[in-house]
file my_file.txt (compact mmCIF, C-alpha atoms and all ligand atoms)
# COMPACT_ATOMS: atom_id res chain seq x y z
CA MET L 12 0.00 0.00 0.00
CA ARG L 13 1.40 3.34 -1.06
CA ILE L 14 0.58 6.67 0.58
CA ALA L 15 1.41 9.92 -1.24
CA ILE L 16 1.92 13.38 0.20
CA PRO L 17 2.22 15.82 -2.70
CA ALA L 18 3.23 19.42 -1.92
CA GLU L 19 0.41 21.95 -1.70
CA THR L 20 0.00 23.87 -4.95
CA ASP L 21 -1.64 27.06 -3.61
CA PRO L 22 1.23 29.49 -2.95
CA ALA L 23 -0.71 30.84 0.06
CA GLU L 24 -0.94 27.39 1.68
CA SER L 25 1.83 26.87 4.20
CA ARG L 26 0.60 23.65 5.81
CA VAL L 27 1.40 20.04 4.94
CA ALA L 28 -0.76 16.92 5.29
CA ALA L 29 1.78 14.63 7.00
CA THR L 30 4.58 15.04 9.52
CA PRO L 31 7.49 12.71 10.23
CA GLU L 32 5.47 11.45 13.20
CA THR L 33 2.49 10.40 11.06
CA VAL L 34 4.78 9.05 8.32
CA LYS L 35 6.29 6.71 10.94
CA LYS L 36 2.81 5.60 12.01
CA PHE L 37 1.77 4.85 8.42
CA ILE L 38 4.94 2.83 7.90
CA GLY L 39 4.08 1.00 11.12
CA LEU L 40 0.83 -0.03 9.42
CA GLY L 41 2.80 -1.59 6.57
CA ALA L 42 2.58 1.34 4.13
CA GLU L 43 5.21 2.78 1.86
CA VAL L 44 5.13 6.60 2.02
CA ALA L 45 6.17 8.99 -0.78
CA VAL L 46 6.55 12.69 0.04
CA GLU L 47 7.07 15.23 -2.73
CA THR L 48 10.31 17.14 -2.26
CA GLY L 49 9.77 20.41 -0.37
CA ALA L 50 6.23 19.47 0.77
CA GLY L 51 7.02 20.29 4.41
CA GLU L 52 9.31 23.23 3.80
CA ARG L 53 6.83 25.97 4.76
CA SER L 54 5.91 24.09 7.93
CA GLY L 55 9.56 23.77 8.93
CA VAL L 56 9.85 20.08 7.97
CA ALA L 57 12.83 19.28 5.72
CA ASP L 58 12.90 16.36 3.26
CA ALA L 59 15.60 14.81 5.46
CA ALA L 60 13.19 14.62 8.42
CA TYR L 61 10.67 12.70 6.31
CA GLU L 62 13.43 10.44 5.01
CA LYS L 63 14.60 9.76 8.56
CA ALA L 64 11.02 8.74 9.40
CA GLY L 65 11.16 6.22 6.55
CA ALA L 66 9.55 8.10 3.64
CA VAL L 67 10.80 8.12 0.08
CA ILE L 68 11.25 11.63 -1.36
CA ALA L 69 9.65 11.98 -4.79
CA PRO L 70 11.07 14.60 -7.19
CA ASP L 71 7.64 15.92 -8.20
CA ALA L 72 3.91 15.53 -7.49
CA ALA L 73 3.26 13.12 -10.37
CA SER L 74 5.88 10.63 -9.17
CA ALA L 75 4.65 10.91 -5.56
CA VAL L 76 1.05 10.23 -6.58
CA SER L 77 1.82 7.53 -9.16
CA GLY L 78 0.37 4.19 -8.00
CA ALA L 79 -0.86 5.62 -4.68
CA ASP L 80 -3.63 3.93 -2.69
CA ILE L 81 -4.07 6.99 -0.46
CA VAL L 82 -3.30 10.64 -1.30
CA LEU L 83 -3.18 13.12 1.60
CA ARG L 84 -3.52 16.85 1.03
CA VAL L 85 -4.42 19.98 2.95
CA GLN L 86 -6.45 21.70 0.23
CA ARG L 87 -8.53 19.95 -2.40
CA PRO L 88 -6.45 18.78 -5.35
CA THR L 89 -7.57 19.39 -8.92
CA SER L 90 -8.38 16.31 -10.99
CA SER L 91 -5.05 16.54 -12.86
CA GLU L 92 -3.16 16.66 -9.56
CA ILE L 93 -4.33 13.20 -8.54
CA ARG L 94 -3.97 11.61 -11.97
CA GLY L 95 -1.88 8.46 -11.72
CA ALA L 96 -3.28 7.34 -8.36
CA LYS L 97 -4.71 3.80 -8.36
CA PRO L 98 -8.37 3.38 -9.38
CA GLY L 99 -10.42 3.62 -6.18
CA ALA L 100 -7.62 5.41 -4.28
CA ALA L 101 -8.66 7.45 -1.24
CA VAL L 102 -7.94 11.17 -1.66
CA ILE L 103 -8.32 12.93 1.69
CA ALA L 104 -8.30 16.72 2.10
CA ILE L 105 -10.28 19.81 3.07
CA MET L 106 -12.34 19.64 -0.13
CA ASP L 107 -14.45 22.80 0.24
CA PRO L 108 -17.21 20.99 -1.73
CA TYR L 109 -19.81 23.79 -1.52
CA GLU L 110 -17.42 26.27 -3.10
CA TYR L 111 -16.16 23.86 -5.80
CA VAL L 112 -19.30 21.85 -6.45
CA SER L 113 -18.86 22.12 -10.24
CA GLU L 114 -15.45 20.44 -10.01
CA LEU L 115 -16.58 17.39 -8.03
CA GLN L 116 -17.52 15.48 -11.18
CA ALA L 117 -14.03 15.99 -12.62
CA LEU L 118 -12.55 14.45 -9.45
CA ALA L 119 -15.04 11.58 -9.67
CA SER L 120 -14.07 10.96 -13.30
CA GLU L 121 -10.52 10.21 -12.15
CA GLY L 122 -11.98 7.14 -10.44
CA VAL L 123 -10.83 8.10 -6.94
CA CYS L 124 -12.73 8.17 -3.65
CA ALA L 125 -12.49 11.79 -2.48
CA PHE L 126 -13.13 12.40 1.22
CA ALA L 127 -13.93 15.86 2.66
CA MET L 128 -12.47 16.10 6.17
CA GLU L 129 -14.61 19.12 7.02
CA LEU L 130 -17.77 16.99 6.69
CA MET L 131 -16.62 14.67 9.50
CA PRO L 132 -19.47 14.25 12.00
CA ARG L 133 -18.79 15.94 15.33
CA ILE L 134 -19.32 12.79 17.37
CA THR L 135 -17.12 11.50 20.17
CA ARG L 136 -15.46 8.81 18.05
CA ALA L 137 -14.47 11.34 15.39
CA GLN L 138 -13.19 14.10 17.70
CA VAL L 139 -9.61 13.12 16.94
CA MET L 140 -10.37 13.62 13.22
CA ASP L 141 -12.04 17.03 13.59
CA VAL L 142 -9.99 19.33 11.35
CA LEU L 143 -12.44 22.20 11.81
CA SER L 144 -11.69 22.27 15.52
CA SER L 145 -7.94 21.71 15.33
CA GLN L 146 -7.53 24.47 12.76
CA ALA L 147 -10.08 26.87 14.31
CA ASN L 148 -8.20 26.70 17.62
CA ILE L 149 -5.06 27.96 15.93
CA ALA L 150 -6.93 30.59 13.90
CA GLY L 151 -8.48 31.97 17.11
CA TYR L 152 -5.08 32.18 18.79
CA ARG L 153 -3.46 33.81 15.75
CA ALA L 154 -6.26 36.40 15.46
CA ILE L 155 -5.22 37.88 18.81
CA ILE L 156 -1.50 37.70 17.98
CA GLU L 157 -2.14 39.53 14.69
CA ALA L 158 -4.39 42.09 16.33
CA ALA L 159 -1.70 42.74 18.96
CA ALA L 160 0.95 43.17 16.26
CA ALA L 161 -1.19 45.62 14.25
CA TYR L 162 -2.34 47.57 17.34
CA GLU L 163 -0.16 50.58 17.91
CA ARG L 164 -0.63 50.55 21.67
CA VAL L 165 0.05 47.94 24.36
CA ILE L 166 -2.65 45.56 25.55
CA PRO L 167 -2.00 45.06 29.29
CA MET L 168 -2.39 47.68 31.95
CA MET L 169 0.99 49.21 32.80
CA THR L 170 1.87 51.25 35.81
CA THR L 171 5.14 53.04 35.22
CA ALA L 172 7.02 55.98 36.71
CA ALA L 173 5.99 57.93 33.60
CA GLY L 174 2.33 57.22 34.18
CA SER L 175 -0.26 54.48 33.81
CA VAL L 176 -1.56 52.86 30.66
CA PRO L 177 -5.09 51.39 30.72
CA PRO L 178 -5.64 47.85 29.41
CA ALA L 179 -7.04 47.37 25.91
CA LYS L 180 -10.67 46.35 25.58
CA ILE L 181 -11.06 43.22 23.43
CA PHE L 182 -14.42 41.99 22.12
CA ILE L 183 -14.90 38.50 20.64
CA MET L 184 -17.98 37.98 18.46
CA GLY L 185 -18.92 34.32 17.99
CA VAL L 186 -17.86 31.85 20.66
CA GLY L 187 -17.30 28.56 18.82
CA VAL L 188 -13.93 26.83 18.82
CA ALA L 189 -12.02 29.82 17.35
CA GLY L 190 -13.81 32.34 19.57
CA LEU L 191 -13.09 30.39 22.77
CA GLN L 192 -9.39 30.20 21.92
CA ALA L 193 -9.39 33.92 21.06
CA ILE L 194 -10.92 34.70 24.47
CA ALA L 195 -8.35 32.56 26.29
CA THR L 196 -5.48 34.15 24.34
CA ALA L 197 -6.86 37.69 24.79
CA ARG L 198 -7.08 37.11 28.55
CA ARG L 199 -3.42 36.00 28.60
CA THR L 200 -2.36 39.25 26.90
CA GLY L 201 -3.91 41.22 29.76
CA GLY L 202 -6.83 42.76 27.85
CA VAL L 203 -10.29 43.34 29.32
CA VAL L 204 -12.33 40.78 27.41
CA THR L 205 -16.02 40.66 26.51
CA ALA L 206 -17.69 38.17 24.16
CA THR L 207 -21.01 37.55 22.46
CA ASP L 208 -22.85 34.70 20.75
CA VAL L 209 -26.44 33.75 19.93
CA ARG L 210 -26.18 30.28 21.52
CA PRO L 211 -27.06 30.34 25.25
CA ALA L 212 -24.59 27.50 26.00
CA THR L 213 -21.72 29.86 25.27
CA LYS L 214 -22.52 32.16 28.20
CA GLU L 215 -21.15 29.78 30.81
CA GLN L 216 -18.08 29.04 28.63
CA VAL L 217 -17.32 32.76 28.32
CA LEU L 218 -17.69 33.31 32.07
CA SER L 219 -15.52 30.29 32.86
CA LEU L 220 -12.70 31.86 30.83
CA GLY L 221 -12.93 35.03 32.93
CA ALA L 222 -14.56 37.20 30.25
CA LYS L 223 -17.87 39.08 30.37
CA PHE L 224 -20.83 37.87 28.28
CA ILE L 225 -22.83 40.41 26.29
CA ALA L 226 -25.88 39.37 24.26
CA VAL L 227 -29.54 40.03 23.54
CA GLU L 228 -30.92 37.29 25.81
CA ASP L 229 -34.55 37.21 24.64
CA GLU L 230 -36.88 34.26 23.90
CA GLU L 231 -35.34 33.70 20.44
CA PHE L 232 -31.85 33.53 21.98
CA LYS L 233 -33.03 30.67 24.22
CA GLN L 234 -33.88 28.63 21.06
CA ALA L 235 -30.92 29.68 18.90
CA GLU L 236 -28.96 26.43 19.06
CA THR L 237 -29.76 23.59 16.62
CA ALA L 238 -29.78 19.97 17.78
CA ALA L 239 -26.34 19.65 16.16
CA GLY L 240 -24.97 22.42 18.41
CA TYR L 241 -24.76 25.13 15.74
CA ALA L 242 -26.31 28.59 15.53
CA LYS L 243 -29.54 29.22 13.63
CA GLU L 244 -29.86 32.19 11.32
CA MET L 245 -31.57 34.79 13.53
CA SER L 246 -34.74 36.71 12.61
CA SER L 247 -34.47 40.25 11.29
CA GLU L 248 -36.02 41.51 14.59
CA TYR L 249 -33.30 39.77 16.59
CA GLN L 250 -30.59 41.06 14.25
CA GLU L 251 -31.92 44.60 14.76
CA LYS L 252 -31.70 44.27 18.55
CA GLN L 253 -28.25 42.66 18.25
CA ARG L 254 -27.05 45.56 16.07
CA ALA L 255 -28.22 48.13 18.62
CA LEU L 256 -26.36 46.31 21.42
CA THR L 257 -23.24 45.85 19.29
CA ALA L 258 -23.32 49.52 18.22
CA SER L 259 -23.24 50.78 21.80
CA HIS L 260 -20.55 48.29 22.90
CA ILE L 261 -18.20 48.35 19.94
CA SER L 262 -17.49 52.09 20.02
CA LYS L 263 -15.63 51.51 23.31
CA GLN L 264 -13.54 48.56 22.05
CA ASP L 265 -9.90 48.64 20.93
CA ILE L 266 -9.70 45.17 19.36
CA VAL L 267 -12.57 43.11 17.93
CA VAL L 268 -12.23 39.52 16.69
CA THR L 269 -15.19 38.13 14.74
CA THR L 270 -15.73 34.41 14.15
CA ALA L 271 -19.53 34.09 13.63
CA LEU L 272 -20.63 31.44 11.15
CA ILE L 273 -23.85 29.60 10.33
CA PRO L 274 -23.42 26.24 8.57
CA GLY L 275 -24.28 26.40 4.86
CA ARG L 276 -25.09 30.15 4.97
CA PRO L 277 -23.06 33.30 4.35
CA ALA L 278 -21.51 34.74 7.51
CA PRO L 279 -23.86 37.12 9.34
CA VAL L 280 -22.93 40.81 9.09
CA LEU L 281 -22.50 41.90 12.70
CA ILE L 282 -20.42 45.08 12.25
CA THR L 283 -21.74 47.76 9.89
CA ALA L 284 -19.70 50.57 8.32
CA ASP L 285 -21.40 52.99 10.77
CA MET L 286 -20.20 50.93 13.72
CA VAL L 287 -16.64 51.00 12.35
CA ALA L 288 -16.98 54.79 12.00
CA SER L 289 -17.86 54.99 15.72
CA MET L 290 -14.64 53.24 16.80
CA ARG L 291 -11.47 55.04 17.88
CA PRO L 292 -8.68 55.53 15.29
CA GLY L 293 -6.09 52.79 15.68
CA SER L 294 -8.65 50.16 16.70
CA ILE L 295 -8.34 46.75 15.08
CA ILE L 296 -10.92 44.31 13.72
CA VAL L 297 -9.76 40.79 12.79
CA ASP L 298 -12.47 39.05 10.75
CA LEU L 299 -12.04 35.28 10.79
CA ALA L 300 -15.27 34.89 8.80
CA ALA L 301 -13.69 36.75 5.83
CA GLU L 302 -13.70 33.70 3.54
CA ARG L 303 -17.45 33.25 4.03
CA GLY L 304 -18.33 36.88 3.28
CA GLY L 305 -17.14 38.44 6.53
CA ASN L 306 -18.82 39.57 9.77
CA CYS L 307 -17.84 43.19 9.06
CA GLU L 308 -19.32 45.12 6.18
CA LEU L 309 -15.90 46.53 5.20
CA THR L 310 -13.95 43.26 5.24
CA GLN L 311 -11.94 42.27 2.17
CA PRO L 312 -10.76 38.63 2.31
CA GLY L 313 -6.98 38.35 2.48
CA GLU L 314 -6.50 42.12 2.83
CA THR L 315 -6.14 44.73 5.54
CA VAL L 316 -8.42 47.69 4.91
CA THR L 317 -8.07 50.97 6.84
CA SER L 318 -11.37 52.81 7.28
CA GLU L 319 -11.65 56.58 6.85
CA ASN L 320 -11.45 57.04 10.61
CA GLY L 321 -8.31 54.88 10.91
CA VAL L 322 -9.67 51.49 11.99
CA LYS L 323 -7.73 48.55 10.54
CA ILE L 324 -9.90 45.64 9.37
CA ILE L 325 -7.91 42.46 8.80
CA GLY L 326 -9.74 40.03 6.48
CA SER L 327 -8.14 36.87 7.83
CA VAL L 328 -7.84 33.97 5.39
CA ASN L 329 -6.38 30.60 6.39
CA GLY L 330 -5.76 31.81 9.95
CA ALA L 331 -4.43 28.39 10.97
CA GLY L 332 -1.81 28.56 8.22
CA ARG L 333 -0.22 31.48 10.09
CA ALA L 334 1.15 28.99 12.61
CA PRO L 335 1.90 26.34 9.95
CA ALA L 336 4.07 24.01 12.01
CA THR L 337 1.49 23.55 14.78
CA ALA L 338 -1.42 23.58 12.32
CA SER L 339 0.25 20.84 10.24
CA GLU L 340 1.07 18.72 13.31
CA LEU L 341 -2.58 18.71 14.39
CA TYR L 342 -3.98 18.38 10.87
CA ALA L 343 -1.67 15.46 10.10
CA LYS L 344 -2.85 13.72 13.29
CA ASN L 345 -6.50 14.28 12.29
CA LEU L 346 -5.76 12.75 8.88
CA PHE L 347 -3.88 9.78 10.28
CA ALA L 348 -6.74 9.00 12.67
CA PHE L 349 -9.19 8.86 9.75
CA ALA L 350 -6.90 7.17 7.19
CA GLU L 351 -6.12 4.45 9.74
CA THR L 352 -9.81 3.44 9.71
CA LEU L 353 -9.54 2.85 5.93
CA ILE L 354 -6.62 0.42 6.23
CA ASP L 355 -6.89 -3.32 6.90
CA LYS L 356 -4.29 -4.00 9.60
CA GLU L 357 -3.87 -7.66 8.63
CA THR L 358 -3.54 -7.38 4.86
CA HIS L 359 -1.99 -3.86 4.92
CA THR L 360 -4.31 -2.78 2.11
CA LEU L 361 -6.87 -0.03 1.56
CA ALA L 362 -10.19 -1.46 2.76
CA ILE L 363 -12.86 1.26 2.92
CA LYS L 364 -15.83 0.27 5.09
CA TRP L 365 -18.67 1.70 3.01
CA ASP L 366 -21.19 1.35 5.85
CA ASP L 367 -19.13 3.29 8.37
CA GLU L 368 -20.94 6.53 9.28
CA LEU L 369 -17.67 8.47 9.02
CA VAL L 370 -17.16 7.22 5.45
CA LYS L 371 -20.78 7.94 4.50
CA ALA L 372 -20.57 11.47 5.89
CA THR L 373 -17.32 12.43 4.15
CA LEU L 374 -17.25 10.45 0.86
CA LEU L 375 -17.82 12.80 -2.10
CA THR L 376 -16.83 10.67 -5.12
CA LYS L 377 -16.85 6.92 -5.87
CA ASP L 378 -16.84 4.87 -9.10
CA GLY L 379 -17.14 8.01 -11.22
CA ALA L 380 -20.25 9.24 -9.36
CA LEU L 381 -21.14 11.58 -6.47
CA PRO L 382 -22.66 9.41 -3.73
CA HIS L 383 -22.97 12.15 -1.08
CA PRO L 384 -26.67 13.06 -0.60
CA ARG L 385 -25.85 16.78 -0.49
CA PHE L 386 -24.04 16.75 -3.84
CA GLN L 387 -25.91 14.21 -5.93
CA ALA L 388 -27.71 16.99 -7.79
CA ALA L 389 -24.32 18.14 -9.08
CA SER L 390 -23.74 14.89 -10.98
P1 LIG L 401 -18.92 27.90 13.88
O1 LIG L 401 -17.56 28.08 13.33
O2 LIG L 401 -19.98 27.30 13.02
O3 LIG L 401 -19.49 29.33 14.37
C1 LIG L 401 -18.75 30.13 15.26
C2 LIG L 401 -19.69 30.73 16.28
O4 LIG L 401 -20.47 31.78 15.70
C3 LIG L 401 -20.70 29.76 16.90
O5 LIG L 401 -20.50 29.69 18.29
C4 LIG L 401 -22.04 30.37 16.54
O6 LIG L 401 -23.01 30.17 17.55
C5 LIG L 401 -21.68 31.84 16.40
N1 LIG L 401 -22.68 32.66 15.71
C6 LIG L 401 -23.42 32.35 14.61
N2 LIG L 401 -24.23 33.38 14.31
C7 LIG L 401 -24.00 34.37 15.19
C8 LIG L 401 -24.52 35.68 15.37
N3 LIG L 401 -25.47 36.18 14.58
N4 LIG L 401 -24.04 36.41 16.40
C9 LIG L 401 -23.08 35.92 17.22
N5 LIG L 401 -22.54 34.70 17.09
C10 LIG L 401 -23.00 33.92 16.09
O7 LIG L 401 -18.86 27.12 15.25
P2 LIG L 401 -17.85 25.97 15.71
O8 LIG L 401 -16.63 26.58 16.24
O9 LIG L 401 -17.71 25.01 14.60
O10 LIG L 401 -18.66 25.34 16.90
C11 LIG L 401 -20.05 25.03 16.77
C12 LIG L 401 -20.51 24.10 17.88
O11 LIG L 401 -19.97 22.80 17.68
C13 LIG L 401 -20.11 24.50 19.26
O12 LIG L 401 -21.17 24.17 20.13
C14 LIG L 401 -18.95 23.62 19.57
O13 LIG L 401 -18.74 23.44 20.94
C15 LIG L 401 -19.40 22.37 18.92
N6 LIG L 401 -18.29 21.46 18.65
C16 LIG L 401 -18.45 20.14 18.95
C17 LIG L 401 -17.41 19.26 18.71
C18 LIG L 401 -17.54 17.81 19.02
O14 LIG L 401 -18.41 17.42 19.73
N7 LIG L 401 -16.68 16.97 18.46
C19 LIG L 401 -16.24 19.71 18.15
C20 LIG L 401 -16.13 21.06 17.84
C21 LIG L 401 -17.18 21.93 18.08
call {"tool": "encode", "arguments": {"input": "my_file.txt", "output": "C-alpha cells"}}
result
Amino acid sequence: MRIAIPAETDPAESRVAATPETVKKFIGLGAEVAVETGAGERSGVADAAYEKAGAVIAPDAASAVSGADIVLRVQRPTSSEIRGAKPGAAVIAIMDPYEYVSELQALASEGVCAFAMELMPRITRAQVMDVLSSQANIAGYRAIIEAAAAYERVIPMMTTAAGSVPPAKIFIMGVGVAGLQAIATARRTGGVVTATDVRPATKEQVLSLGAKFIAVEDEEFKQAETAAGYAKEMSSEYQEKQRALTASHISKQDIVVTTALIPGRPAPVLITADMVASMRPGSIIVDLAAERGGNCELTQPGETVTSENGVKIIGSVNGAGRAPATASELYAKNLFAFAETLIDKETHTLAIKWDDELVKATLLTKDGALPHPRFQAAS
C-alpha cells in the first residue's frame, strides 16, 4: 500500500498533510510513504526529516502520486493533480465541496474516492479527526496575535514611573472553537475581554474563561442552538436588537475579533460601516469569517483595509496557516486517525468500510459518481 503526500499547490498554503510522526505511524501499518520534495518546507519540515522517518522523497507531485492507494492533502487537489493514483484510491483533504461543487464530477471521473475532512461528523469517536476544531483553535489564537501586532498601543495595563496605561478592551464575536481560543489568548495578553454569541450555552463558557458575556438574551436567543450544536440564522427583529447592542458596545472597544458562522449560509454581518466609524482611530478588527463573506461590512478577504477614521480591518484567510508548524502537526494527526480506519491491519491494504458513518458522511466521489446526498444533484 502506497501513501502519497504531494506538496500543496496554492502558494498561500503553508501547511502540509503529514509530519514525520504520522509518516512513521503509516509505515508501522505496513505502508510505503512517498513525500514530494519540499512538501514540508513551509511548515519547517525538511525532506531529510521525512526520510529519517522512513519516507521516500519523490522529485515531483506526479511521481509521488503515481500508483498511490491513499493521497493526503491539505487543500482539495484538482483532478489533474491526482492523476496516476490507483483506481479507487482514497484522496483525503479539506475539499471545500460547496465552493467547488462544479469540479466534483471531474474528481469523480478520475476514479478516486475523495473524502472531505470538514464533513466529518462531530461525534465523540471522530473528535480526533475534527480538522475544523484543530484548525479553528489555531486561527483563534493567531487572530489575537495579529491584532496585537497591528495595534499601535500595548494591551495590558501598565503602571510606570511615567504614568499608567489602561488595558485594551477586546471583544470577541462568535464563541465557537475559534472564539473560545481567542478569548483565552486575549485574557493572557492582559486585555479586558467581553464576548457575544447567539447560543445560550456559550454564556457559561465565556464566564468560565474570565470574560464578560454580552448578548440580547430574549426568547429567540433561548432557542438559537440547533440539535447539532450550531447557531440558527436569527430573525431580522433579533438582528436589529443585536445591532443596537453591538453599536453601543463596539465604540468603546480597541480590538474586535469576529468568528460568527452559520453552517451552509453566508456569515452574518454583525459590524456595519457605521459601527466602524464609531470606533477610535487605531482600533483593530480581525475578521475570521472573511472567507465566508465576513462579519464586518468593510472586510476584504486576504487584505487589511483601513477605514476613513483609521480602523484597521484584517480580512483573515487561512488563519491556521499562520502557525503552519502547529497547524500541520494537528492536521496530520487528524488525517492519520481517519486514514487508519480505511486500512486493513492484517492485509496492509486499503479497505474502505462503506457502511461506516464516518465514510458515509465524508465520501464525495466513488466509481465516477457523487454518492454524497448533499451533492448528488451536481452529478
Ligand atoms: P462555527 O464556526 O460554526 O461558528 C462560530 C460561532 O459563531 C458559533 O459559536 C455560533 O453560535 C456563532 N454565531 C453564529 N451566528 C451568530 C450571530 N449572529 N451572532 C453571534 N454569534 C454567532 O462554530 P464551531 O466553532 O464550529 O462550533 C459550533 C458548535 O460545535 C459548538 O457548540 C462547539 O462546541 C461544537 N463542537 C463540537 C465538537 C464535538 O463534539 N466533536 C467539536 C467542535 C465543536
call {"tool": "residues_near_ligand", "arguments": {"input": "my_file.txt", "ligand": "ligand LIG 401 (chain L)", "cutoff": "6 Å", "atoms": "all atoms listed in the file", "output": "VMD selection string"}}
result
chain L and resid 133 to 135 138 144 184 to 189 207 to 210 240 to 242 270 to 274 279
call {"tool": "closest_residue", "arguments": {"input": "my_file.txt", "among": "L:Ala331, L:Cys307, L:Ala60, L:Ala104", "to": "L:Ala23", "atoms": "all atoms listed in the file"}}
result
L:Ala331
call {"tool": "closest_residue", "arguments": {"input": "my_file.txt", "among": "L:Ala64, L:Ala350, L:Ile324, L:Ile225", "to": "L:Ala154", "atoms": "all atoms listed in the file"}}
result
L:Ile324
call {"tool": "axis_aligned_box", "arguments": {"input": "my_file.txt", "around": "stretch 332-346 of chain L", "padding_each_side": "4 Å", "output": "AutoDock Vina command-line options"}}
result
--center_x -1.2 --center_y 22.1 --center_z 11.5 --size_x 18.6 --size_y 26.7 --size_z 14.6
call {"tool": "closest_residue", "arguments": {"input": "my_file.txt", "among": "L:Gly201, L:Gly379, L:Pro22, L:Pro88", "to": "L:Ala159", "atoms": "all atoms listed in the file"}}
result
L:Gly201
call {"tool": "atom_distance", "arguments": {"input": "my_file.txt", "atom1": "atom CA of L:Ala75", "atom2": "atom CA of L:Ile14"}}
result
8.5 Å
call {"tool": "residues_around", "arguments": {"input": "my_file.txt", "residues": "L:Asp71", "least_positions_apart": "4", "cutoff": "10 Å", "atoms": "all atoms listed in the file", "output": "VMD selection string"}}
result
chain L and resid 17 to 18 46 to 50 75 to 76
call {"tool": "closest_residue", "arguments": {"input": "my_file.txt", "among": "L:Thr310, L:Ser145, L:Ser90, L:Ser262", "to": "L:Glu340", "atoms": "all atoms listed in the file"}}
result
L:Ser145
call {"tool": "residues_around", "arguments": {"input": "my_file.txt", "residues": "L:Lys223", "least_positions_apart": "2", "cutoff": "8 Å", "atoms": "all atoms listed in the file", "output": "ChimeraX atom specification"}}
result
/L:204-206,217-218,221,225
call {"tool": "closest_residue", "arguments": {"input": "my_file.txt", "among": "L:Ala160, L:Ile105, L:Met128, L:Ile93", "to": "L:Asn329", "atoms": "only C-alpha atoms"}}
result
L:Ile105
call {"tool": "atom_distance", "arguments": {"input": "my_file.txt", "atom1": "atom CA of L:Gly39", "atom2": "atom CA of L:Ala79"}}
result
17.2 Å
call {"tool": "residues_around", "arguments": {"input": "my_file.txt", "residues": "L:Lys323", "least_positions_apart": "3", "cutoff": "10 Å", "atoms": "all atoms listed in the file", "output": "ChimeraX atom specification"}}
result
/L:158,161-162,266,287,292-297,309-310,315-320,326
call {"tool": "write_last_selection", "arguments": {"input": "my_file.txt", "atoms": "C-alpha atoms", "output": "tab-separated table (two decimals), keeping the file's coordinate frame"}}
result
chain	number	residue	atom	x	y	z
L	158	ALA	CA	-4.39	42.09	16.33
L	161	ALA	CA	-1.19	45.62	14.25
L	162	TYR	CA	-2.34	47.57	17.34
L	266	ILE	CA	-9.70	45.17	19.36
L	287	VAL	CA	-16.64	51.00	12.35
L	292	PRO	CA	-8.68	55.53	15.29
L	293	GLY	CA	-6.09	52.79	15.68
L	294	SER	CA	-8.65	50.16	16.70
L	295	ILE	CA	-8.34	46.75	15.08
L	296	ILE	CA	-10.92	44.31	13.72
L	297	VAL	CA	-9.76	40.79	12.79
L	309	LEU	CA	-15.90	46.53	5.20
L	310	THR	CA	-13.95	43.26	5.24
L	315	THR	CA	-6.14	44.73	5.54
L	316	VAL	CA	-8.42	47.69	4.91
L	317	THR	CA	-8.07	50.97	6.84
L	318	SER	CA	-11.37	52.81	7.28
L	319	GLU	CA	-11.65	56.58	6.85
L	320	ASN	CA	-11.45	57.04	10.61
L	326	GLY	CA	-9.74	40.03	6.48
call {"tool": "residues_around", "arguments": {"input": "my_file.txt", "residues": "L:Leu281", "least_positions_apart": "3", "cutoff": "9 Å", "atoms": "only C-alpha atoms", "output": "PyMOL selection string"}}
result
chain L and resi 184+250+253-254+257+269+271+278+305-308
call {"tool": "atom_distance", "arguments": {"input": "my_file.txt", "atom1": "atom CA of L:Lys371", "atom2": "atom CA of L:Glu244"}}
result
26.8 Å
call {"tool": "residues_near_point", "arguments": {"input": "my_file.txt", "point": "(4.9, 4.8, 0.4)", "cutoff": "6 Å", "atoms": "all atoms listed in the file", "output": "PDB file with C-alpha atoms, in the frame of the given file"}}
result
ATOM      1  CA  ARG L  13       1.400   3.340  -1.060  1.00  0.00           C
ATOM      2  CA  ILE L  14       0.580   6.670   0.580  1.00  0.00           C
ATOM      3  CA  ALA L  42       2.580   1.340   4.130  1.00  0.00           C
ATOM      4  CA  GLU L  43       5.210   2.780   1.860  1.00  0.00           C
ATOM      5  CA  VAL L  44       5.130   6.600   2.020  1.00  0.00           C
ATOM      6  CA  ALA L  45       6.170   8.990  -0.780  1.00  0.00           C
TER       7      ALA L  45
END
call {"tool": "residues_around", "arguments": {"input": "my_file.txt", "residues": "L:Thr352", "least_positions_apart": "2", "cutoff": "9 Å", "atoms": "all atoms listed in the file", "output": "list in words"}}
result
Phe347, Ala348, Phe349, Ala350, Ile354, Asp355, Ala362, Ile363 and Lys364 of chain L
call {"tool": "closest_residue", "arguments": {"input": "my_file.txt", "among": "L:Ala300, L:Ile68, L:Ala380, L:Ala334", "to": "L:Ser25", "atoms": "all atoms listed in the file"}}
result
L:Ala334
call {"tool": "residues_near_point", "arguments": {"input": "my_file.txt", "point": "(-13.6, 14.8, -12.7)", "cutoff": "12 Å", "atoms": "all atoms listed in the file", "output": "PyMOL selection string"}}
result
chain L and resi 88-94+111-125+375-381+389-390
call {"tool": "build_atoms", "arguments": {"input": "my_file.txt", "residues": "stretch 30-34 of chain L", "atoms": "N, CA, C and O atoms", "output": "compact mmCIF listing (two decimals), keeping the file's coordinate frame"}}
result
# COMPACT_ATOMS: atom_id res chain seq x y z
N THR L 30 3.35 14.66 8.81
CA THR L 30 4.58 15.04 9.52
C THR L 30 5.44 13.78 9.66
O THR L 30 4.93 12.66 9.46
N PRO L 31 6.69 13.92 10.02
CA PRO L 31 7.49 12.71 10.23
C PRO L 31 6.83 11.75 11.22
O PRO L 31 6.87 10.53 11.04
N GLU L 32 6.15 12.30 12.21
CA GLU L 32 5.47 11.45 13.20
C GLU L 32 4.38 10.59 12.54
O GLU L 32 4.30 9.38 12.78
N THR L 33 3.56 11.20 11.68
CA THR L 33 2.49 10.40 11.06
C THR L 33 3.04 9.48 9.97
O THR L 33 2.51 8.40 9.75
N VAL L 34 4.13 9.93 9.32
CA VAL L 34 4.78 9.05 8.32
C VAL L 34 5.21 7.75 9.02
O VAL L 34 4.94 6.64 8.54
